[in-house]
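A.B. asks: Below you will find the structure I want to go over with you.
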Amino acid sequence: MFSVKPPKPTFRCYLPPQQTGIKKPPLTTPKKLEAKLLPGEIVVNEVNFVRKCIASDTSQQDLWGKLVCTNFKISFITDDVMHHVKFQYKSFLLGEHDIPLTCIEQIVTVNDAKRKQKVLISNQKLKFNPTELIIYCKDFRIVRFRFDEAGPESAKKVCLAIAHYSQPADLQLLFGFEYVARVYYNSGNKVNCVDPGGGGLEKKSLCEQTPLFDKPSDWDREIKRTGASEWRVCSINEGYKISPNLSEYFVVPVSLADQDLRQFSQFFTGFRIPLWCWNHSNGSALVRMASIKDVMQQRKLDQRVCAAITRSHPNRSDVYKSDLDKSLPSIQDIQTAFTKLRQASVIDPFEESEERWLSSIENSRWLEYVRCCLKHAAELVYMLEGKRVSVILQEEEDRDLSCLISSLIQVMLDPHFRSIAGFQSLLQKEWVMAGYRFLDRCNHLKKSDKEESPLFLLFLDCVWQLLVQYPAAFEFTETFLTVLGDSLWLSIFSTFLFNCPQQQDEHCREFVKSRSISCGDEKPLRFPPVWDWSQQFSEKDQALFNNPLYVGKSASCVQNGAVKSFKRTKKNYSCTLRGTSSLKNGLLSEPEFMPRRNSLVLRLKADFSHVRDAPDSPSEQFFCEWFSKPADLQGLLLPQLLPSHIKLWKLYFLRWVPEVQINMGGPVTAFHKMSVLADEIEMLQQRLRQYKGVGSLSAGTPEAHQSRMFFRASNLSDSSPMPEYLTSSFPFSPVGNLCKRSILGTPLSKFLGGTKIWISTETLASEAMA
Amino acid sequence: MEKSESSESLGSKLSSSRQASIDSLSSSSTSRSDRSFHLRSNTCKSPELRVLGDSNNWADLEEPQLLPNESLKETVKDVTYICPFMGMIRGTLTVTNYRLFFKRVEKDSAFVLDVPLGVISRIEKAGGALSRGEVSYVLVCKDIRNLKFAHKQDTQGRTSVFETVMKLAFPVSHNLQVFAYEYGQIYPENGWKVYDPSAEYKRMGLPNESWRMTRINEHYELCDTYPVMLLVPANIPDEDLKRVATFRAKNRIPVLSWIHPESQATVVRCSQPMVGANGKRSKDDEKYLQAIMDANAQSHKLFIFDARPSVNAVANKTKGGGFESEDAYQNAELVFLDIHNIHVMRESLRKLKEVVYPNIEESHWLSNLESTHWLEHIKLILAGALRIADKVESGKTSVVIHCSDGWDRTAQLTSLAMLMLDGHYRTVRGFQVLIEKEWLTFGHRFQMRIGHGDKNHSDADRSPVFLQFIDCVWQLTRQFPAAFEFNEFFLITILDHLYSCLFGTFLCNSEQQRIKEGLQKKTVSLWSYINSHLEEFLNPLYVNYSHHVLYPVVSMRHLELWVGYYIRWNPRMRLQEPIHHCYKELLLKRAELKKKVEELQRELISRSASSSSERAASPTRSVTPVQTFV
């Protein structure tokens with residue numbers, strides 16, 4: 001996925017090849033083109049003289065090489081040099097042309113002479129020799145290989161191997177099992193959060209700061225952090241004795257005894273007892289709950305649960321229940337929206353879809369669902385914050401929409417979850433441990449399309465919208481969110497591989513038994529979480545996750561040996577630059593570089609109810625009131641929700657489309673400038689600390705500046721020139737993806753009966769059946 | 001200078017109210033005007049008090065603070081402003097010779113409407129009065145909003161205040177002058193000096209051996225909609241120019257707008273050739289274009305970009321116009337850019353206003369937006385400019401651009417292409433030069449397109465051509481957030497004063513008219529105001545990479561509706577927490593840190609110098625001054 005080679009060539013040194021016609025394969029057999037293999041990875045099949053299509057309008061830039069299928073990935077190995085900007089970012093697990101098998105959405109083989117094409121499914125026969133292989137990826141890439149010069153039989157075998165290995169019959173056949181057993185058990189390495197970089201001597205690594213919530217102590221700390229004094233950790237599900245899809249430890253009202261809970265559990269879908277998620281400092285709690293199966297018990301049980309939650313509230317205030325199944329789109333609706341969005345973004349021909357772009361985005365309904373989720377979460381934020389009542393999220397199984405809504409609510413209310421470690425712990429708490437079915441929803445085993453739904457991506461998109469609206473409120477960047485979304489398709493991490501913790505435990509135990517692996521300490525095999533980012537990226541590349549605006553803002557200043565926060569400065573700033581109101585022309589929105597809310601507007605807003613014919617709902621009033629004040633980035637954040645506020649997440653959805661890439665432009669150019677500034681601030685602070693600590697100029701050598709920024713202030717020159725490789729797709733690159741047209745191959749539309757669509761999931765699926 | 005002389009005489013009258021007048025500039029239509037001046041004029045010590053004090057002042061303010069030479073015309077109490085967002089607001093309406101000022105009655109609430117009369121497009125008596133004896137009026141504005149008022153009908157039968165507004169808002173229709181001729185503000189900067197044609201051509205290395213400056217239009221005899229100073233191929237004598245002029249619509253001959261500093265490829269603008277239905281040819285015109293091509297040794301081709309759809313270009317033949325045939329103009333290639341005419345654009349903006357004002361329909365926002373075709377038109381204009389820029393930069397080929405008359409679409413295309421090609425135009429002053437040059441001196445008919453002070457709102461000559469240009473510029477700033485020295489507020493300010501009639505910049509239709517009217521003497525330039533308050537209009541993220549050509553991606557995937565302009569009246573469409581704001585905060589923080597580090601360094605130096613003399617050598621090593629960053 002990310003380049004292995006150093007990202008040397010920039011488009012400046014790119015010169016269009018002079019020769020015309022099709023590039024010929026190298027005369028000699030490519031020697032020593034070996035796939036880089038991870039521990040436990042084996043080559044299943046391979047074919048030489050394969051051409052990877054690079055540009056959509058010419059075959060001159062195509063690369064010749066070897067296509068390899070392993071039990072982990074499809075790898076394309078080449079000696080040819082890419083004359084293009086590639087990723088500014090490399091993965092330790094994948095090379096630049098690699099696709100993990102779990103990332104494959106669909107495999108299409110084509111024979112253009114025979115005008116045949118077929119979607120390959122495991123254990124199927126292929127009656128023709130493919131001249132072309134197209135891989136549709138879950139991360140929206142479309143990669144295309146041609147076999148014009150390759151051995152027909154070998155090409156066919158590789159295609160079949162890819163089809164077979166990308167659709168494993170069993171969970172334990174996923175590469176992660178083999179890999180984790182090799183890496184973490186055979187070599188005697190420690191489990192979880194191995195930190196090979198060893199960078200954080202004084203500072204704990206991000207992963208170590210991220211509680212996994214698989215231990216009672218993690219929950220205890222969270223209870224203390226949020227001040228939820230009337231709640232306790234419950235361990236009745238130890239060994240999954242009560243519910244198979246709940247975590248072993250969770251939090252319940254103090255007033256409910258284990259005995260009661262055991263009794264209640266049988267009436268809930270999936271034996272899922274109501275779970276505590278989070279506590280507001282005003283005492284109101286956020287709770288999630290599955291539906292009550294037994295209609296007879298419904299009322300009684302409901303009352304018991306609500307009463308217990310009320311009792312855990314310092315003011316004994318009411319409980320507000322929100323039925324998510326009724327208020328939000330279903331997971332199938334979301335999947336449909338996603339499919340349509342994919343169609344519009346990467347499958348429909350670029351030029352033809354331009355004219356109808358806006359309406360096709362609208363028709364996909366994806367943005368509508370993003371807005372809907374944000375809106376619903378904001379309404380519930382009002383209940384918790386404004387009305388100070390506890391909220392129960394109820395969903396049939398409590399394993400899908402409640403993950404999304406509960407985490408969104410917490411991101412809005414609690415600044416802790418807007419830090420990287422906090423955000424990671426939130427995902428751990430509300431998704432992984434709460435039993436979100438990553439395995440089924442990602443469809444890693446390609447077992448059932450009906451279960452597939454991009455709910456997690458929808459959540460990331462919602463967070464992205466907040467990040468765009470409040471760019472300095474989050475410690476992470478949109479690159480972090482994108483990479484996190486991509487990590488879904490690497491079958492190596494505990495985070496995204498299982499339906500629930502119990503499933504992980506069970507399969508790990510079985511696997512260990514079947515392989516007679518000795519894990520010592522009688523502990524089962526444990527997968528590492530994705531949070532140990534050093535598994536994938538270097539320290540330097542991980543710096544892309546850090547938001548310069550957040551880092552710079554939160555930076556503190558050492559004064560008289562004590563760390564002093566910068567609040568005063570901020571206040572000064574707000575007075576000098578904010579100035580008077582710009583309440584002109586009845587215009588309430590504030591100028592761009594001015595605070596958007598101030599005392600004048602507040603007054604006006606407070607008058608809203610007198611003026612309007614139909615008074616706003618209380619929640620709307622609450623929002624108005626909130627928006628009339630300056631946003632405290634360390635406090636509550638509410639999303640702005642007009643349809644014109646909700647944007648398409650271009651980095652995620654359009655990064656692979658070559659036509660959309662802006663060279664030397666896009667948000668990254670601003671990011672570059674901000675990073676350099678944040679880096680300077682950090683350097684100055686470090687110097688201050690040094691002077692303070694040392695007390696004298698001469699003692700000690702200056703410690704090396706450890707930057708948290710990807711782009712750094714250069715010490716030598718006054719200005720840091722903008723790197724020429726910056727594009728709107730940064731740090732990704734669309735080169736080599738989405739090659740919809742090929743000079744050589746017959747355009748597929750020809751044998752799709754003149755349809756405009758390159759290839760649609762539906763058509764292919766039905767053809768495959770036939 | 002001319003200005004300062006004339007205002008000197010006013011000075012005696014104004015001197016006492018100078019301070020106040022600076023303050024009151026904030027009541028220009030600019031949405032977020034000059035709060036810093038309020039601050040400056042205030043004497044309170046604590047910043048908190050300052051803000052508070054100021055807002056109190058404001059709440060007490062019954063009437064607007066008047067600009068120099070602004071005078072009260074009428075004040076009416078008990079007027080209702082029917083706000084589409086907040087409902088009924090009772091207040092007092094004040095009308096001056098410059099603005100309409102509405103202030104809510106309740107003392108503790110500061111609701112103010114401050115509308116320059118210039119933005120009013122038409123005033124209509126509206127039906128459906130609120131209660132008996134009330135009349136209501138709708139003020140349809142050029143800046144994408146409508147204002148609805150109601151008030152009691154006067155029992156004495158006196159005319160409504162809105163009858164007065166109708167007179168004052170359309171002075172031109174009543175043989176009066178717009179307010180710009182009276183406005184007497186003096187600014188430290190003189191915006192009329194921003195554009196000096198010979199200095200600008202000199203910057204481009206002109207004249208040179210291939211291009212000469214001609215004075216043939218000194219008295220606007222060759223072409224009354226062109227400026228005095230024109231650059232033409234060196235080997236074409238003035239006599240030939242006259243003959244070429246007869247073959248070009250409105251005598252707008254091809255003249256140089258921009259030259260590539262390295263390749264010498266040029267951007268040349270003109271009007272359509274008068275080919276007519278019979279396919280007339282002009283040897284002089286053909287020779288002239290050949291000369292333009294020859295002036296660029298790098299290429300043996302010339303591209304002619306006709307901004308129109310080819311159908312329209314063909315249709316123009318019946319009216320005597322048309323386009324260059326490739327038979328007649330050897331080595332020239334003609335390209336149509338499919339940009340529609342002013343009427344289509346006007347209609348598109350009308351639809352857009354319906355979609356965005358007052359409220360957005362939640363469920364069909366994007367398809368409604370699509371149905372206005374506004375972004376599609378923006379896309380075509382940008383795409384055309386991009387093709388031109390690419391031909392000049394990558395193809396090293398000279399280009400000739402025209403539409404029909406060469407003052408609407410042509411101005412859009414040349415100025416946008418130049419903005420992409422030349423980093424100078426992406427600075428504040430460079431952009432002002434660009435507008436002065438490509439729009440004002442080359443005769444974009446601002447008076448006709450905007451209809452300053454003219455009540456004839458349905459005039460077919462009105463069109464948002466300049467608005468589209470500014471929108472395109474905004475789109476570029478979105479794609480290249482660090483490439484422009486100015487910010488969004490700068491663009492909005494330009495648009496607000498396009499209509500306000502406070503400044504003389506956008507009055508009249510041509511350079512000739514402006515000279516005749518003596519605008520430089522009688523009015524203030526918008527650039528005087530902007531350049532005197534530059535700080536407000538700067539983009540903190542600006543990186544000066546002037547040699548870099550911008551290639552925007554002209555795709556619907558990237559084009560966005562400029563909500564900060566078109567939807568700014570909707571209180572729910574708040575601007576999102578802007579990055580610029582955060583960035584400025586960081587800049588201040590850096591400055592403070594730098595100061596602290598320097599203080600500490602000084603302190604340590606003096607301490608170590610006094611405490612130990614044997615270590616005297618060490619400070620020189622480690623006391624290298626703090627790195628001065630950008």
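Scheme for the structure tokens: letters A, B, ... for chains in order shown; per-chain residue numbers from 1; ligand numbers from 1 in order shown.
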Would you return as number ranges by chain the members of range 174-238 of chain B that DSSP assigns to helix (DSSP H, G or I) on this structure's backbone?
C.D. replies: B: 174, 179-181, 191-193, 197-203, 238
A.B. asks: Which residues, written as a list in words, have at least one atom at most 10 Å from Phe466 in chain B, with only C-alpha atoms counted and residues fewer than 4 positions away on the same chain left out?
C.D. replies: Asp408, Arg409, Ala411, Gln412, Ile435, Trp439, His444, Arg445, Phe446, Arg449, Ile450, Ile470, Asp471, Cys472, Leu495 and Leu498 of chain B
A.B. asks: Name the residues in contact with Gln153 in chain B at a cut-off of 8 Å, using only C-alpha atoms, excluding same-chain residues fewer than 6 positions from it; report them as a PyMOL selection string.
C.D. replies: chain B and resi 133-135+160
A.B. asks: Go ahead and write the selection's residues with N, CA, C and O atoms as a PDB file, in the first residue's frame.
C.D. replies:
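Final output, saved to again_39.pdb:
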ATOM      1  N   GLY B 133     -54.052  48.714   7.566  1.00  0.00           N
ATOM      2  CA  GLY B 133     -53.390  50.000   7.679  1.00  0.00           C
ATOM      3  C   GLY B 133     -51.879  49.912   7.594  1.00  0.00           C
ATOM      4  O   GLY B 133     -51.190  50.895   7.745  1.00  0.00           O
ATOM      5  N   GLU B 134     -51.362  48.717   7.363  1.00  0.00           N
ATOM      6  CA  GLU B 134     -49.914  48.597   7.225  1.00  0.00           C
ATOM      7  C   GLU B 134     -49.556  48.368   5.768  1.00  0.00           C
ATOM      8  O   GLU B 134     -50.292  47.717   5.031  1.00  0.00           O
ATOM      9  N   VAL B 135     -48.449  48.921   5.380  1.00  0.00           N
ATOM     10  CA  VAL B 135     -47.951  48.651   4.039  1.00  0.00           C
ATOM     11  C   VAL B 135     -46.604  47.949   4.177  1.00  0.00           C
ATOM     12  O   VAL B 135     -45.879  48.184   5.131  1.00  0.00           O
ATOM     13  N   SER B 160     -44.797  57.163   1.868  1.00  0.00           N
ATOM     14  CA  SER B 160     -44.059  56.230   2.700  1.00  0.00           C
ATOM     15  C   SER B 160     -42.572  56.550   2.629  1.00  0.00           C
ATOM     16  O   SER B 160     -42.077  57.107   1.651  1.00  0.00           O
TER      17      SER B 160
END
A.B. asks: Can you pull out the residues contacting range 245-259 of chain A? Cut-off 8 Å, using only C-alpha atoms, and skip same-chain residues under 4 positions away; I want them as an MDAnalysis selection string.
C.D. replies: chainID A and resid 213:216 219 230:240 263 270 272 274:277 308:309 311:312 433:435 499:503
A.B. asks: Can you list, as a PyMOL selection string, every protein, DNA or RNA residue that comes within 10 Å of Asn331 in chain B when you count only C-alpha atoms, leaving out same-chain residues fewer than 2 positions away?
C.D. replies: chain B and resi 289-290+293+300-303+326-329+333-334
A.B. asks: Can you tell me which residues surround Ser210 in chain B at a distance of at most 12 Å, considering only C-alpha atoms, apart from same-chain residues fewer than 4 positions away, and format the answer as a ChimeraX atom specification?
C.D. replies: /B:205-206,231-236,256,259,264-266,291-297
A.B. asks: With only C-alpha atoms as the counted atoms, please give the residues lying no more than 9 Å from Asp414 in chain A, apart from itself and same-chain residues fewer than 5 positions off, as a JSON list (two decimals) with N, CA, C and O atoms, in the first residue's frame.
C.D. replies:
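Output contents, as saved in part_36.json:
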[["chain", "number", "residue", "atom", "x", "y", "z"],
["A", 280, "HIS", "N", -21.02, 12.36, 32.34],
["A", 280, "HIS", "CA", -20.82, 13.82, 32.25],
["A", 280, "HIS", "C", -20.43, 14.33, 33.63],
["A", 280, "HIS", "O", -20.82, 13.73, 34.64],
["A", 409, "ILE", "N", -21.07, 11.02, 20.46],
["A", 409, "ILE", "CA", -21.47, 11.85, 21.61],
["A", 409, "ILE", "C", -20.26, 12.16, 22.48],
["A", 409, "ILE", "O", -20.04, 13.29, 22.91],
["A", 634, "GLN", "N", -11.57, 22.99, 24.38],
["A", 634, "GLN", "CA", -11.37, 21.98, 25.41],
["A", 634, "GLN", "C", -12.70, 21.67, 26.11],
["A", 634, "GLN", "O", -12.71, 21.10, 27.19],
["A", 635, "GLY", "N", -13.79, 22.06, 25.49],
["A", 635, "GLY", "CA", -15.09, 21.76, 26.08],
["A", 635, "GLY", "C", -15.97, 21.09, 25.05],
["A", 635, "GLY", "O", -15.49, 20.40, 24.15],
["A", 636, "LEU", "N", -17.25, 21.33, 25.20],
["A", 636, "LEU", "CA", -18.23, 20.76, 24.28],
["A", 636, "LEU", "C", -18.05, 21.30, 22.86],
["A", 636, "LEU", "O", -17.80, 22.49, 22.68],
["A", 637, "LEU", "N", -18.18, 20.43, 21.89],
["A", 637, "LEU", "CA", -18.18, 20.86, 20.49],
["A", 637, "LEU", "C", -19.46, 20.37, 19.84],
["A", 637, "LEU", "O", -19.79, 19.20, 19.96]]
A.B. asks: Between CA of Trp464 in chain A and CA of Arg590 in chain B, what is the distance, to one decimal in Å?
C.D. replies: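 Going from CA of Trp464 in chain A over to CA of Arg590 in chain B, I get 27.8 Å.
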A.B. asks: Find the residue from B:His457, B:Lys353, B:Arg387, B:Lys280 that sits nearest to Glu324 in chain B; use only C-alpha atoms when measuring.
C.D. replies: B:Lys280
A.B. asks: For a test of reading the model, state the distance in Å between CA of Val79 in chain B and CA of Phe149 in chain B, rounded to one decimal.
C.D. replies: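 Interatomic distance, CA of Val79 in chain B to CA of Phe149 in chain B: 6.9 Å.
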A.B. asks: Can you write out as a Markdown table which residues of range 286-395 of chain A fall within 10 Å of range 647-659 of chain A, alongside each residue's closest atom pair and its distance in Å to one decimal, counting only C-alpha atoms and ordering rows by chain and ascending residue number?
C.D. replies:
| residue | atom | partner | partner_atom | distance |
| --- | --- | --- | --- | --- |
| A:Leu341 | CA | A:Phe653 | CA | 8.6 |
| A:Arg342 | CA | A:Phe653 | CA | 7.8 |
| A:Ala344 | CA | A:Phe653 | CA | 10.0 |
| A:Ser345 | CA | A:Leu654 | CA | 6.4 |
| A:Val346 | CA | A:Val657 | CA | 6.7 |
| A:Ile347 | CA | A:Val657 | CA | 9.9 |
| A:Phe350 | CA | A:Glu659 | CA | 7.7 |
| A:Glu351 | CA | A:Glu659 | CA | 9.3 |
| A:Ile361 | CA | A:Leu648 | CA | 8.5 |
| A:Trp366 | CA | A:Leu648 | CA | 9.0 |
| A:Leu367 | CA | A:Leu648 | CA | 7.1 |
| A:Val370 | CA | A:Lys647 | CA | 9.5 |
| A:Arg371 | CA | A:Lys647 | CA | 9.7 |
A.B. asks: Pick from B:Lys596, B:Lys103, B:Arg346, B:Lys283: nearest to Asp78 in chain B, with only C-alpha atoms counted?
C.D. replies: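 Ranking B:Lys596, B:Lys103, B:Arg346, B:Lys283 by distance to Asp78 in chain B, first place goes to B:Lys103.
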A.B. asks: According to DSSP computed on the backbone, where in range 299-465 of chain A is there strand (DSSP E)? Give the residues as a VMD selection string.
C.D. replies: chain A and resid 319 to 323 390 to 395
A.B. asks: Between CA of Leu117 in chain B and CA of Tyr98 in chain B, what distance in Å does the model show, to one decimal?
C.D. replies: 5.8 Å
